[in-house]
file my_file22.txt (compact mmCIF, C-alpha atoms)
# COMPACT_ATOMS: atom_id res chain seq x y z
CA MET R 729 167.62 -14.33 184.33
CA LYS R 730 168.49 -11.03 182.77
CA LEU R 731 165.97 -8.21 182.29
CA TYR R 732 166.47 -5.66 179.53
CA SER R 733 164.93 -2.60 181.06
CA TYR R 734 164.81 1.20 181.12
CA PHE R 735 164.02 2.80 184.43
CA ARG R 736 161.22 4.96 183.09
CA SER R 737 159.66 2.42 180.71
CA SER R 738 156.17 1.66 181.94
CA ALA R 739 156.21 -1.82 180.41
CA ALA R 740 159.56 -2.66 182.03
CA TYR R 741 158.22 -1.37 185.37
CA ARG R 742 155.34 -3.89 185.07
CA VAL R 743 157.79 -6.75 184.67
CA ARG R 744 160.00 -5.55 187.54
CA ILE R 745 156.96 -5.64 189.83
CA ALA R 746 155.96 -9.12 188.67
CA LEU R 747 159.47 -10.51 189.16
CA ASN R 748 159.64 -8.96 192.64
CA LEU R 749 156.24 -10.40 193.59
CA LYS R 750 157.48 -13.83 192.49
CA GLY R 751 160.76 -13.40 194.37
CA ILE R 752 162.77 -13.83 191.16
CA GLU R 753 166.18 -12.20 191.09
CA ALA R 754 167.01 -10.86 187.64
CA GLU R 755 170.11 -8.99 186.63
CA GLN R 756 169.13 -5.72 184.97
CA GLU R 757 170.68 -4.63 181.71
CA PRO R 758 169.56 -1.07 181.00
CA VAL R 759 168.81 0.05 177.44
CA HIS R 760 168.85 3.83 177.34
CA LEU R 761 165.82 4.87 175.29
CA LEU R 762 166.69 8.55 174.93
CA ARG R 763 170.16 8.12 173.44
CA PRO R 764 170.43 7.23 169.75
CA GLU R 765 172.79 4.23 169.84
CA PRO R 766 171.67 1.73 172.53
CA LEU R 767 168.27 0.75 171.14
CA PRO R 768 169.39 -0.20 167.60
CA ALA R 769 172.38 -2.10 169.04
CA TYR R 770 170.08 -4.00 171.42
CA ARG R 771 167.65 -4.74 168.59
CA GLN R 772 170.49 -6.07 166.45
CA ALA R 773 172.20 -8.13 169.14
CA HIS R 774 169.42 -9.36 171.41
CA ASN R 775 165.80 -8.61 170.58
CA PRO R 776 164.49 -8.40 167.00
CA GLN R 777 161.27 -6.86 168.32
CA GLY R 778 163.53 -4.00 169.37
CA LEU R 779 161.63 -2.71 172.40
CA VAL R 780 162.03 -3.05 176.15
CA PRO R 781 161.35 -4.99 178.25
CA ALA R 782 162.60 -8.44 177.32
CA ILE R 783 163.96 -11.20 179.54
CA GLU R 784 166.73 -13.62 178.77
CA THR R 785 165.51 -16.73 180.54
CA GLY R 786 168.36 -19.12 179.85
CA GLU R 787 166.66 -22.42 179.01
CA ASP R 788 163.64 -20.79 177.35
CA GLY R 789 165.53 -18.11 175.42
CA LEU R 790 164.66 -14.46 175.04
CA ILE R 791 161.07 -13.36 175.68
CA PRO R 792 159.83 -9.90 174.68
CA GLN R 793 156.50 -8.19 175.45
CA SER R 794 155.68 -7.38 179.07
CA ILE R 795 152.40 -9.32 179.18
CA ALA R 796 153.99 -12.39 177.55
CA ILE R 797 156.80 -12.20 180.13
CA ILE R 798 154.35 -12.03 183.03
CA GLU R 799 152.34 -14.97 181.64
CA TYR R 800 155.61 -16.89 181.28
CA VAL R 801 156.79 -16.30 184.85
CA GLU R 802 153.29 -17.17 186.06
CA GLU R 803 153.49 -20.53 184.26
CA ARG R 804 157.10 -21.27 185.23
CA PHE R 805 156.85 -20.10 188.86
CA PRO R 806 153.17 -20.51 189.80
CA GLN R 807 153.50 -19.30 193.40
CA PRO R 808 152.65 -16.68 194.51
CA ALA R 809 150.01 -16.53 191.79
CA LEU R 810 149.50 -13.37 189.72
CA LEU R 811 146.30 -14.75 188.20
CA PRO R 812 143.29 -16.10 190.15
CA LYS R 813 142.07 -19.67 189.68
CA GLY R 814 138.56 -19.29 188.22
CA LEU R 815 138.08 -18.70 184.51
CA ALA R 816 135.89 -15.63 184.93
CA GLU R 817 138.30 -14.17 187.48
CA ARG R 818 141.34 -14.78 185.27
CA ALA R 819 139.55 -13.14 182.35
CA TYR R 820 138.72 -10.11 184.53
CA VAL R 821 142.35 -9.67 185.60
CA ARG R 822 143.63 -10.07 182.04
CA ALA R 823 141.00 -7.69 180.64
CA ALA R 824 142.04 -5.03 183.17
CA ALA R 825 145.74 -5.53 182.42
CA LEU R 826 145.17 -5.50 178.66
CA LEU R 827 143.06 -2.36 178.77
CA ILE R 828 146.20 -0.64 180.08
CA ALA R 829 148.62 -2.51 177.82
CA CYS R 830 146.60 -2.17 174.60
CA ASP R 831 144.32 0.86 174.94
CA ILE R 832 146.31 3.31 177.08
CA HIS R 833 150.05 2.81 177.15
CA PRO R 834 150.75 2.37 173.39
CA LEU R 835 149.34 5.83 172.69
CA ALA R 836 151.41 7.53 175.36
CA ASN R 837 154.83 6.06 174.98
CA LEU R 838 158.01 7.78 173.97
CA ARG R 839 158.24 6.79 170.30
CA VAL R 840 154.69 7.95 169.65
CA LEU R 841 155.15 11.31 171.40
CA ARG R 842 158.33 11.77 169.37
CA TYR R 843 156.49 11.11 166.11
CA LEU R 844 153.87 13.71 167.03
CA LYS R 845 156.65 16.23 167.57
CA ARG R 846 159.04 15.43 164.75
CA GLU R 847 156.91 14.10 161.93
CA LEU R 848 153.64 15.91 162.64
CA GLY R 849 155.23 19.12 163.93
CA GLN R 850 153.09 19.30 167.05
CA GLU R 851 154.00 21.71 169.85
CA GLN R 852 154.41 20.50 173.42
CA PRO R 853 150.97 21.66 174.68
CA ALA R 854 149.21 19.64 171.95
CA ILE R 855 151.38 16.62 172.75
CA ASP R 856 150.59 16.91 176.46
CA THR R 857 146.88 17.18 175.63
CA TRP R 858 147.14 14.04 173.47
CA TYR R 859 148.84 12.22 176.34
CA ARG R 860 146.30 13.28 178.94
CA HIS R 861 143.39 12.55 176.62
CA TRP R 862 144.28 8.88 176.12
CA VAL R 863 145.43 8.26 179.67
CA GLU R 864 142.41 9.89 181.30
CA ASP R 865 140.03 8.28 178.81
CA GLY R 866 141.52 4.83 179.39
CA LEU R 867 141.76 5.09 183.16
CA GLY R 868 138.14 6.29 183.23
CA ARG R 869 137.16 3.14 181.33
CA LEU R 870 139.18 1.01 183.77
CA GLU R 871 137.59 2.64 186.82
CA ALA R 872 134.13 1.99 185.34
CA TYR R 873 134.99 -1.61 184.47
CA VAL R 874 136.45 -2.39 187.89
CA THR R 875 133.53 -0.80 189.69
CA ALA R 876 130.94 -2.58 187.54
CA GLN R 877 132.61 -5.97 187.97
CA GLY R 878 132.74 -5.64 191.77
CA ARG R 879 135.73 -7.95 192.08
CA SER R 880 138.23 -5.51 193.58
CA GLY R 881 139.22 -5.39 197.23
CA ARG R 882 142.48 -4.08 198.58
CA PHE R 883 143.82 -4.72 195.05
CA LEU R 884 142.24 -4.79 191.58
CA PHE R 885 141.22 -8.39 192.22
CA GLY R 886 140.45 -9.18 195.82
CA ASP R 887 143.03 -8.71 198.52
CA GLY R 888 146.26 -9.75 196.80
CA PRO R 889 148.21 -8.28 193.89
CA THR R 890 147.77 -9.69 190.38
CA MET R 891 149.00 -9.03 186.85
CA ALA R 892 146.46 -6.19 186.70
CA ASP R 893 148.11 -4.33 189.59
CA CYS R 894 151.49 -4.83 187.89
CA CYS R 895 150.08 -2.78 185.01
CA LEU R 896 148.08 -0.25 187.03
CA VAL R 897 150.89 1.15 189.17
CA PRO R 898 153.25 2.07 186.28
CA GLN R 899 150.37 3.66 184.38
CA LEU R 900 149.41 5.83 187.38
CA PHE R 901 153.05 6.76 187.88
CA ASN R 902 153.16 8.00 184.29
CA ALA R 903 149.79 9.71 184.56
CA ARG R 904 151.01 11.74 187.53
CA ARG R 905 154.25 12.69 185.78
CA LEU R 906 152.16 14.32 183.05
CA GLU R 907 149.68 15.79 185.56
CA CYS R 908 146.63 13.87 184.40
CA ASP R 909 143.40 14.47 186.27
CA LEU R 910 142.76 11.39 188.42
CA ALA R 911 139.78 12.80 190.32
CA GLY R 912 137.39 10.46 188.53
CA MET R 913 139.33 7.31 189.48
CA PRO R 914 139.10 6.97 193.27
CA THR R 915 139.15 3.16 193.22
CA LEU R 916 142.29 3.01 191.08
CA VAL R 917 144.04 5.69 193.15
CA ALA R 918 143.26 3.89 196.43
CA ILE R 919 144.51 0.56 195.07
CA ASP R 920 147.69 2.19 193.77
CA ALA R 921 148.34 3.57 197.27
CA ARG R 922 147.96 0.10 198.78
CA CYS R 923 150.35 -1.36 196.21
CA GLN R 924 152.95 1.21 197.26
CA GLU R 925 152.93 -0.33 200.74
CA LEU R 926 154.45 -3.54 199.35
CA GLU R 927 158.20 -3.82 198.94
CA ALA R 928 157.80 -5.62 195.58
CA PHE R 929 156.23 -2.48 194.14
CA ARG R 930 158.59 -0.05 195.90
CA LYS R 931 161.70 -1.91 194.69
CA ALA R 932 160.41 -1.71 191.12
CA HIS R 933 159.91 2.08 191.18
CA PRO R 934 161.77 3.95 188.42
CA SER R 935 163.60 6.17 190.93
CA VAL R 936 165.47 3.27 192.53
CA GLN R 937 166.62 1.46 189.36
CA PRO R 938 170.34 1.22 188.54
CA ASP R 939 169.91 3.44 185.49
CA ALA R 940 167.73 6.07 187.22
CA GLU R 941 168.67 9.64 186.45
CA MET H 506 127.67 -16.94 173.70
CA LYS H 507 127.19 -13.53 172.18
CA LEU H 508 129.96 -11.59 170.47
CA TYR H 509 129.80 -7.81 170.34
CA SER H 510 131.57 -7.12 167.08
CA TYR H 511 132.05 -4.72 164.19
CA PHE H 512 132.80 -6.25 160.84
CA ARG H 513 135.86 -4.10 160.21
CA SER H 514 137.29 -4.10 163.76
CA SER H 515 140.65 -5.84 163.67
CA ALA H 516 140.34 -6.94 167.30
CA ALA H 517 136.86 -8.39 166.72
CA TYR H 518 138.17 -10.21 163.63
CA ARG H 519 140.83 -11.91 165.84
CA VAL H 520 138.13 -13.21 168.16
CA ARG H 521 135.92 -14.39 165.29
CA ILE H 522 138.84 -16.46 163.98
CA ALA H 523 139.56 -17.93 167.42
CA LEU H 524 135.92 -18.88 168.00
CA ASN H 525 135.74 -20.50 164.55
CA LEU H 526 138.95 -22.46 165.16
CA LYS H 527 137.45 -23.73 168.42
CA GLY H 528 134.15 -24.55 166.72
CA ILE H 529 132.24 -22.24 169.06
CA GLU H 530 129.00 -20.82 167.73
CA ALA H 531 128.45 -17.27 168.94
CA GLU H 532 125.58 -14.99 168.04
CA GLN H 533 126.94 -11.71 166.71
CA GLU H 534 125.62 -8.40 167.95
CA PRO H 535 127.10 -5.65 165.77
CA VAL H 536 128.09 -2.31 167.29
CA HIS H 537 128.43 0.23 164.48
CA LEU H 538 131.61 2.16 165.19
CA LEU H 539 131.11 4.89 162.60
CA ARG H 540 127.67 6.06 163.75
CA PRO H 541 127.48 8.31 166.80
CA GLU H 542 124.88 6.52 168.93
CA PRO H 543 125.61 2.77 169.10
CA LEU H 544 128.97 2.87 170.91
CA PRO H 545 127.92 5.04 173.89
CA ALA H 546 124.71 3.00 174.25
CA TYR H 547 126.71 -0.25 174.23
CA ARG H 548 129.18 1.17 176.75
CA GLN H 549 126.33 2.19 179.03
CA ALA H 550 124.32 -1.01 178.75
CA HIS H 551 126.87 -3.78 178.31
CA ASN H 552 130.58 -3.01 178.43
CA PRO H 553 132.05 -0.29 180.67
CA GLN H 554 135.35 -0.59 178.79
CA GLY H 555 133.33 0.69 175.85
CA LEU H 556 135.19 -0.95 172.96
CA VAL H 557 134.61 -3.98 170.74
CA PRO H 558 135.01 -6.88 170.88
CA ALA H 559 133.50 -8.30 174.04
CA ILE H 560 131.80 -11.64 174.61
CA GLU H 561 128.83 -12.36 176.82
CA THR H 562 129.68 -15.83 178.07
CA GLY H 563 126.66 -16.61 180.19
CA GLU H 564 128.08 -18.27 183.30
CA ASP H 565 131.30 -16.22 183.30
CA GLY H 566 129.75 -12.87 182.45
CA LEU H 567 130.98 -10.28 180.00
CA ILE H 568 134.62 -10.40 178.90
CA PRO H 569 136.21 -7.51 176.98
CA GLN H 570 139.66 -7.29 175.32
CA SER H 571 140.41 -9.58 172.39
CA ILE H 572 143.46 -11.23 173.93
CA ALA H 573 141.68 -11.83 177.24
CA ILE H 574 138.81 -13.39 175.29
CA ILE H 575 141.12 -15.71 173.37
CA GLU H 576 142.92 -16.76 176.59
CA TYR H 577 139.51 -17.42 178.13
CA VAL H 578 138.23 -19.61 175.30
CA GLU H 579 141.57 -21.43 175.32
CA GLU H 580 141.13 -22.24 179.03
CA ARG H 581 137.44 -23.10 178.79
CA PHE H 582 137.63 -25.11 175.55
CA PRO H 583 141.22 -26.42 175.41
CA GLN H 584 140.84 -28.33 172.11
CA PRO H 585 141.90 -27.55 169.45
CA ALA H 586 144.65 -25.64 171.25
CA LEU H 587 145.54 -22.09 170.22
CA LEU H 588 148.67 -22.13 172.39
CA PRO H 589 151.44 -24.76 172.25
CA LYS H 590 152.36 -26.84 175.30
CA GLY H 591 155.94 -25.81 176.14
CA LEU H 592 156.62 -22.66 178.14
CA ALA H 593 159.08 -21.22 175.62
CA GLU H 594 156.71 -21.96 172.76
CA ARG H 595 153.73 -20.40 174.54
CA ALA H 596 155.77 -17.30 175.27
CA TYR H 597 156.78 -17.06 171.61
CA VAL H 598 153.17 -17.23 170.42
CA ARG H 599 152.01 -14.69 173.00
CA ALA H 600 154.90 -12.34 172.23
CA ALA H 601 154.02 -12.42 168.51
CA ALA H 602 150.32 -11.83 169.22
CA LEU H 603 151.06 -9.03 171.69
CA LEU H 604 153.43 -7.26 169.33
CA ILE H 605 150.41 -6.85 167.05
CA ALA H 606 147.92 -6.14 169.84
CA CYS H 607 150.11 -3.67 171.78
CA ASP H 608 152.63 -2.19 169.35
CA ILE H 609 150.79 -2.01 166.02
CA HIS H 610 147.02 -2.04 166.19
CA PRO H 611 146.45 0.57 168.96
CA LEU H 612 148.20 3.21 166.86
CA ALA H 613 146.18 2.50 163.76
CA ASN H 614 142.65 2.15 164.97
CA LEU H 615 139.70 4.33 164.19
CA ARG H 616 139.53 6.47 167.32
CA VAL H 617 143.20 7.39 167.01
CA LEU H 618 142.98 8.29 163.32
CA ARG H 619 139.94 10.41 164.15
CA TYR H 620 141.86 12.27 166.87
CA LEU H 621 144.66 13.03 164.41
CA LYS H 622 142.11 14.52 162.05
CA ARG H 623 139.76 16.36 164.39
CA GLU H 624 141.90 17.41 167.34
CA LEU H 625 145.28 17.74 165.64
CA GLY H 626 143.94 19.01 162.30
CA GLN H 627 145.95 16.57 160.22
CA GLU H 628 145.15 16.10 156.53
CA GLN H 629 144.47 12.66 155.07
CA PRO H 630 147.95 12.15 153.53
CA ALA H 631 149.64 12.73 156.91
CA ILE H 632 147.16 10.38 158.58
CA ASP H 633 147.82 7.69 155.96
CA THR H 634 151.56 8.15 156.46
CA TRP H 635 151.13 7.75 160.24
CA TYR H 636 149.14 4.57 159.66
CA ARG H 637 151.65 3.07 157.27
CA HIS H 638 154.57 4.07 159.47
CA TRP H 639 153.37 2.14 162.52
CA VAL H 640 152.01 -0.83 160.62
CA GLU H 641 155.11 -1.28 158.44
CA ASP H 642 157.43 -0.67 161.40
CA GLY H 643 155.60 -3.20 163.56
CA LEU H 644 155.23 -5.87 160.90
CA GLY H 645 158.93 -5.49 160.10
CA ARG H 646 159.70 -6.19 163.77
CA LEU H 647 157.39 -9.22 163.69
CA GLU H 648 158.99 -10.62 160.53
CA ALA H 649 162.45 -10.25 162.13
CA TYR H 650 161.29 -11.84 165.39
CA VAL H 651 159.60 -14.80 163.69
CA THR H 652 162.60 -15.39 161.43
CA ALA H 653 165.09 -15.16 164.30
CA GLN H 654 163.10 -17.53 166.50
CA GLY H 655 162.85 -20.17 163.78
CA ARG H 656 159.65 -21.64 165.19
CA SER H 657 157.32 -20.95 162.25
CA GLY H 658 156.19 -23.52 159.73
CA ARG H 659 153.02 -23.39 157.71
CA PHE H 660 151.77 -21.03 160.44
CA LEU H 661 153.49 -18.61 162.84
CA PHE H 662 154.13 -21.51 165.18
CA GLY H 663 154.70 -24.83 163.46
CA ASP H 664 152.04 -26.31 161.23
CA GLY H 665 148.81 -25.39 163.00
CA PRO H 666 147.12 -22.05 163.71
CA THR H 667 147.58 -20.36 167.09
CA MET H 668 146.58 -17.15 168.83
CA ALA H 669 149.36 -15.44 166.90
CA ASP H 670 147.78 -16.25 163.53
CA CYS H 671 144.43 -14.99 164.87
CA CYS H 672 146.15 -11.60 165.27
CA LEU H 673 148.29 -11.67 162.12
CA VAL H 674 145.52 -12.12 159.55
CA PRO H 675 143.38 -9.12 160.63
CA GLN H 676 146.49 -6.94 160.82
CA LEU H 677 147.51 -7.87 157.26
CA PHE H 678 143.96 -7.30 156.05
CA ASN H 679 144.12 -3.79 157.47
CA ALA H 680 147.62 -3.20 156.14
CA ARG H 681 146.46 -4.01 152.62
CA ARG H 682 143.41 -1.76 152.89
CA LEU H 683 145.75 1.16 153.55
CA GLU H 684 148.24 0.01 150.90
CA CYS H 685 151.14 -0.65 153.24
CA ASP H 686 154.35 -1.99 151.71
CA LEU H 687 154.60 -5.66 152.65
CA ALA H 688 157.61 -6.48 150.48
CA GLY H 689 159.85 -6.85 153.53
CA MET H 690 157.60 -9.43 155.20
CA PRO H 691 157.62 -12.54 152.98
CA THR H 692 157.22 -14.96 155.90
CA LEU H 693 154.18 -13.17 157.27
CA VAL H 694 152.60 -12.82 153.82
CA ALA H 695 153.08 -16.54 153.08
CA ILE H 696 151.58 -17.56 156.43
CA ASP H 697 148.63 -15.23 155.91
CA ALA H 698 147.96 -16.91 152.55
CA ARG H 699 147.96 -20.36 154.20
CA CYS H 700 145.54 -19.13 156.87
CA GLN H 701 143.13 -18.01 154.13
CA GLU H 702 142.88 -21.65 153.04
CA LEU H 703 141.13 -22.53 156.30
CA GLU H 704 137.39 -22.06 156.61
CA ALA H 705 137.78 -20.73 160.18
CA PHE H 706 139.67 -17.75 158.80
CA ARG H 707 137.47 -17.28 155.73
CA LYS H 708 134.27 -17.28 157.81
CA ALA H 709 135.73 -14.56 160.03
CA HIS H 710 136.56 -12.20 157.16
CA PRO H 711 134.99 -8.74 157.45
CA SER H 712 133.29 -9.02 154.05
CA VAL H 713 131.07 -11.94 155.13
CA GLN H 714 129.90 -10.62 158.51
CA PRO H 715 126.21 -9.81 159.07
CA ASP H 716 126.98 -6.09 159.42
CA ALA H 717 129.33 -5.89 156.41
CA GLU H 718 128.73 -2.92 154.14
call {"tool": "encode", "arguments": {"input": "my_file22.txt", "output": "structure tokens"}}
result
Amino acid sequence: MKLYSYFRSSAAYRVRIALNLKGIEAEQEPVHLLRPEPLPAYRQAHNPQGLVPAIETGEDGLIPQSIAIIEYVEERFPQPALLPKGLAERAYVRAAALLIACDIHPLANLRVLRYLKRELGQEQPAIDTWYRHWVEDGLGRLEAYVTAQGRSGRFLFGDGPTMADCCLVPQLFNARRLECDLAGMPTLVAIDARCQELEAFRKAHPSVQPDAE
Amino acid sequence: MKLYSYFRSSAAYRVRIALNLKGIEAEQEPVHLLRPEPLPAYRQAHNPQGLVPAIETGEDGLIPQSIAIIEYVEERFPQPALLPKGLAERAYVRAAALLIACDIHPLANLRVLRYLKRELGQEQPAIDTWYRHWVEDGLGRLEAYVTAQGRSGRFLFGDGPTMADCCLVPQLFNARRLECDLAGMPTLVAIDARCQELEAFRKAHPSVQPDAE
């Protein structure tokens, strides 16, 4: 399999973790998101959705969207599982992952911050405030949800990593880069620290990717 | 089951369609998103994630996040299926749904448009331009993806509705409300028109909900 990735893309980082947890070796093809040429060329040649990550699976073709990729590898390579067995438990893990993927990350990614700057003429302090607002708001909601559900243990669900942890760790990495206030999220911060103890998460870290700068 | 909904919420509209396609009767409890009190009260009493939709399932508790809800009803009530059988086909449907749920809708929903106005002091024309930019950009990506994959028929996948159509129809409804240019998306527009022929879609329309204004 080939993974179209960018070292600092939060969504690509999710998929790198999931592939590592599954023990799937994927060749990485970096798409540099800050330079003008690579993304349009990649969109034209490989992925009409035009964003990273995507995986080229061989027999099942190209799959874009990080959550669709993780669901796909879960179905194709069921062990070790990234979703629990029970319906309520699966829904909890997906709802935690999707809170990050739908309610936090889309508002804080590169193309949106660029639009704020270029099209809306916002200065950097206002852009940083925007970023921190959505990330802190969303992580506060996640902390409250996880605490209320009472299903977390060493990880967001019980004592093994799931799809939800694949999403949490990249989001906290980004939150720290932009100096978000994580004081109100002790459960999430503690789980993130435990994830960092696993090689699957460490190997997926942006700083150790082939295109890291 | 009880569905926490708001008639004009695009994410709630997705879930209403999915429940109708499955033939599941759910009592609707509206949460008025434009008034100041109902949302915080709902967040406090029912859903720590604090957004609509969510379903109260009874035996499996409260489930937030529209895509997590649709995956849950698909697993609990497999027929009629909202996902195809094959792995590649499932990934295609999810990747189409998630493009809408992650790359389009989060940038165009009410709380974000409000932030642009109140915190960033943007005037209505700039806010409308923001809205149209992300919706037209995202729907253009979806049209290209669907066309390139060649898996659509009367619906986004083949000749029956799936999770992807549950996401498409609310997004096109919203796009038309804000007068987006849909000329570049003939496949999506034609599929949307076929969906409107089905009672499951018509019954989910914002204009016929109990809280419609």
call {"tool": "interface_residues", "arguments": {"input": "my_file22.txt", "of": "chain R", "to": "chain H", "cutoff": "6 Å", "atoms": "all atoms listed in the file", "output": "PDB file with C-alpha atoms, in the frame of the given file"}}
result
ATOM      1  CA  PRO R 776     164.490  -8.400 167.000  1.00  0.00           C
ATOM      2  CA  GLN R 777     161.270  -6.860 168.320  1.00  0.00           C
ATOM      3  CA  ASP R 788     163.640 -20.790 177.350  1.00  0.00           C
ATOM      4  CA  GLN R 793     156.500  -8.190 175.450  1.00  0.00           C
ATOM      5  CA  ALA R 796     153.990 -12.390 177.550  1.00  0.00           C
ATOM      6  CA  ALA R 816     135.890 -15.630 184.930  1.00  0.00           C
ATOM      7  CA  ALA R 819     139.550 -13.140 182.350  1.00  0.00           C
ATOM      8  CA  ARG R 822     143.630 -10.070 182.040  1.00  0.00           C
ATOM      9  CA  ALA R 823     141.000  -7.690 180.640  1.00  0.00           C
ATOM     10  CA  CYS R 830     146.600  -2.170 174.600  1.00  0.00           C
ATOM     11  CA  ARG R 869     137.160   3.140 181.330  1.00  0.00           C
ATOM     12  CA  ALA R 872     134.130   1.990 185.340  1.00  0.00           C
ATOM     13  CA  TYR R 873     134.990  -1.610 184.470  1.00  0.00           C
TER      14      TYR R 873
END
call {"tool": "atom_distance", "arguments": {"input": "my_file22.txt", "atom1": "atom CA of His774 of chain R", "atom2": "atom CA of Phe735 of chain R"}}
result
18.6 Å
call {"tool": "atom_distance", "arguments": {"input": "my_file22.txt", "atom1": "atom CA of Met891 of chain R", "atom2": "atom CA of Glu753 of chain R"}}
result
18.0 Å
call {"tool": "atom_distance", "arguments": {"input": "my_file22.txt", "atom1": "atom CA of His760 of chain R", "atom2": "atom CA of Asp909 of chain R"}}
result
29.0 Å
call {"tool": "closest_residue", "arguments": {"input": "my_file22.txt", "among": "H:Pro666, H:Pro543, H:Pro558, H:Gly658", "to": "Asn525 of chain H", "atoms": "only C-alpha atoms"}}
result
H:Pro666
call {"tool": "axis_aligned_box", "arguments": {"input": "my_file22.txt", "around": "segment 885-896 of chain R", "padding_each_side": "5 Å", "output": "JSON"}}
result
{"center_x": 146.0, "center_y": -5.0, "center_z": 191.8, "size_x": 21.0, "size_y": 19.5, "size_z": 23.5}
call {"tool": "closest_residue", "arguments": {"input": "my_file22.txt", "among": "H:Asn614, H:Lys507, H:Leu524, H:Tyr518", "to": "Leu538 of chain H", "atoms": "all atoms listed in the file"}}
result
H:Asn614
call {"tool": "residues_around", "arguments": {"input": "my_file22.txt", "residues": "Cys700 of chain H", "least_positions_apart": "5", "cutoff": "8 Å", "atoms": "only C-alpha atoms", "output": "PDB file with C-alpha atoms, keeping the file's coordinate frame"}}
result
ATOM      1  CA  PHE H 660     151.770 -21.030 160.440  1.00  0.00           C
ATOM      2  CA  PRO H 666     147.120 -22.050 163.710  1.00  0.00           C
ATOM      3  CA  ASP H 670     147.780 -16.250 163.530  1.00  0.00           C
ATOM      4  CA  VAL H 674     145.520 -12.120 159.550  1.00  0.00           C
ATOM      5  CA  PHE H 706     139.670 -17.750 158.800  1.00  0.00           C
TER       6      PHE H 706
END
call {"tool": "residues_around", "arguments": {"input": "my_file22.txt", "residues": "Arg736 of chain R", "least_positions_apart": "6", "cutoff": "12 Å", "atoms": "only C-alpha atoms", "output": "list in words"}}
result
Arg742, Arg744, Pro758, Val759, His760, Leu761, Leu762, Val780, Pro781, Asn837, Leu838, Pro898, Gln899, Phe901, Asn902, Arg905, Ala932, His933, Pro934, Ser935, Val936, Gln937, Pro938, Asp939, Ala940 and Glu941 of chain R
call {"tool": "closest_residue", "arguments": {"input": "my_file22.txt", "among": "R:Leu926, R:Leu841, R:Ala782, R:Leu749", "to": "Pro808 of chain R", "atoms": "all atoms listed in the file"}}
result
R:Leu749
call {"tool": "closest_residue", "arguments": {"input": "my_file22.txt", "among": "H:Glu532, H:Asp664, H:Glu641, H:Glu561", "to": "Pro589 of chain H", "atoms": "all atoms listed in the file"}}
result
H:Asp664
call {"tool": "closest_residue", "arguments": {"input": "my_file22.txt", "among": "R:Glu851, R:Leu811, R:Pro764, R:Ala918", "to": "Phe885 of chain R", "atoms": "all atoms listed in the file"}}
result
R:Leu811
call {"tool": "residues_around", "arguments": {"input": "my_file22.txt", "residues": "Ala903 of chain R", "least_positions_apart": "5", "cutoff": "8 Å", "atoms": "only C-alpha atoms", "output": "MDAnalysis selection string"}}
result
chainID R and resid 860 863 908
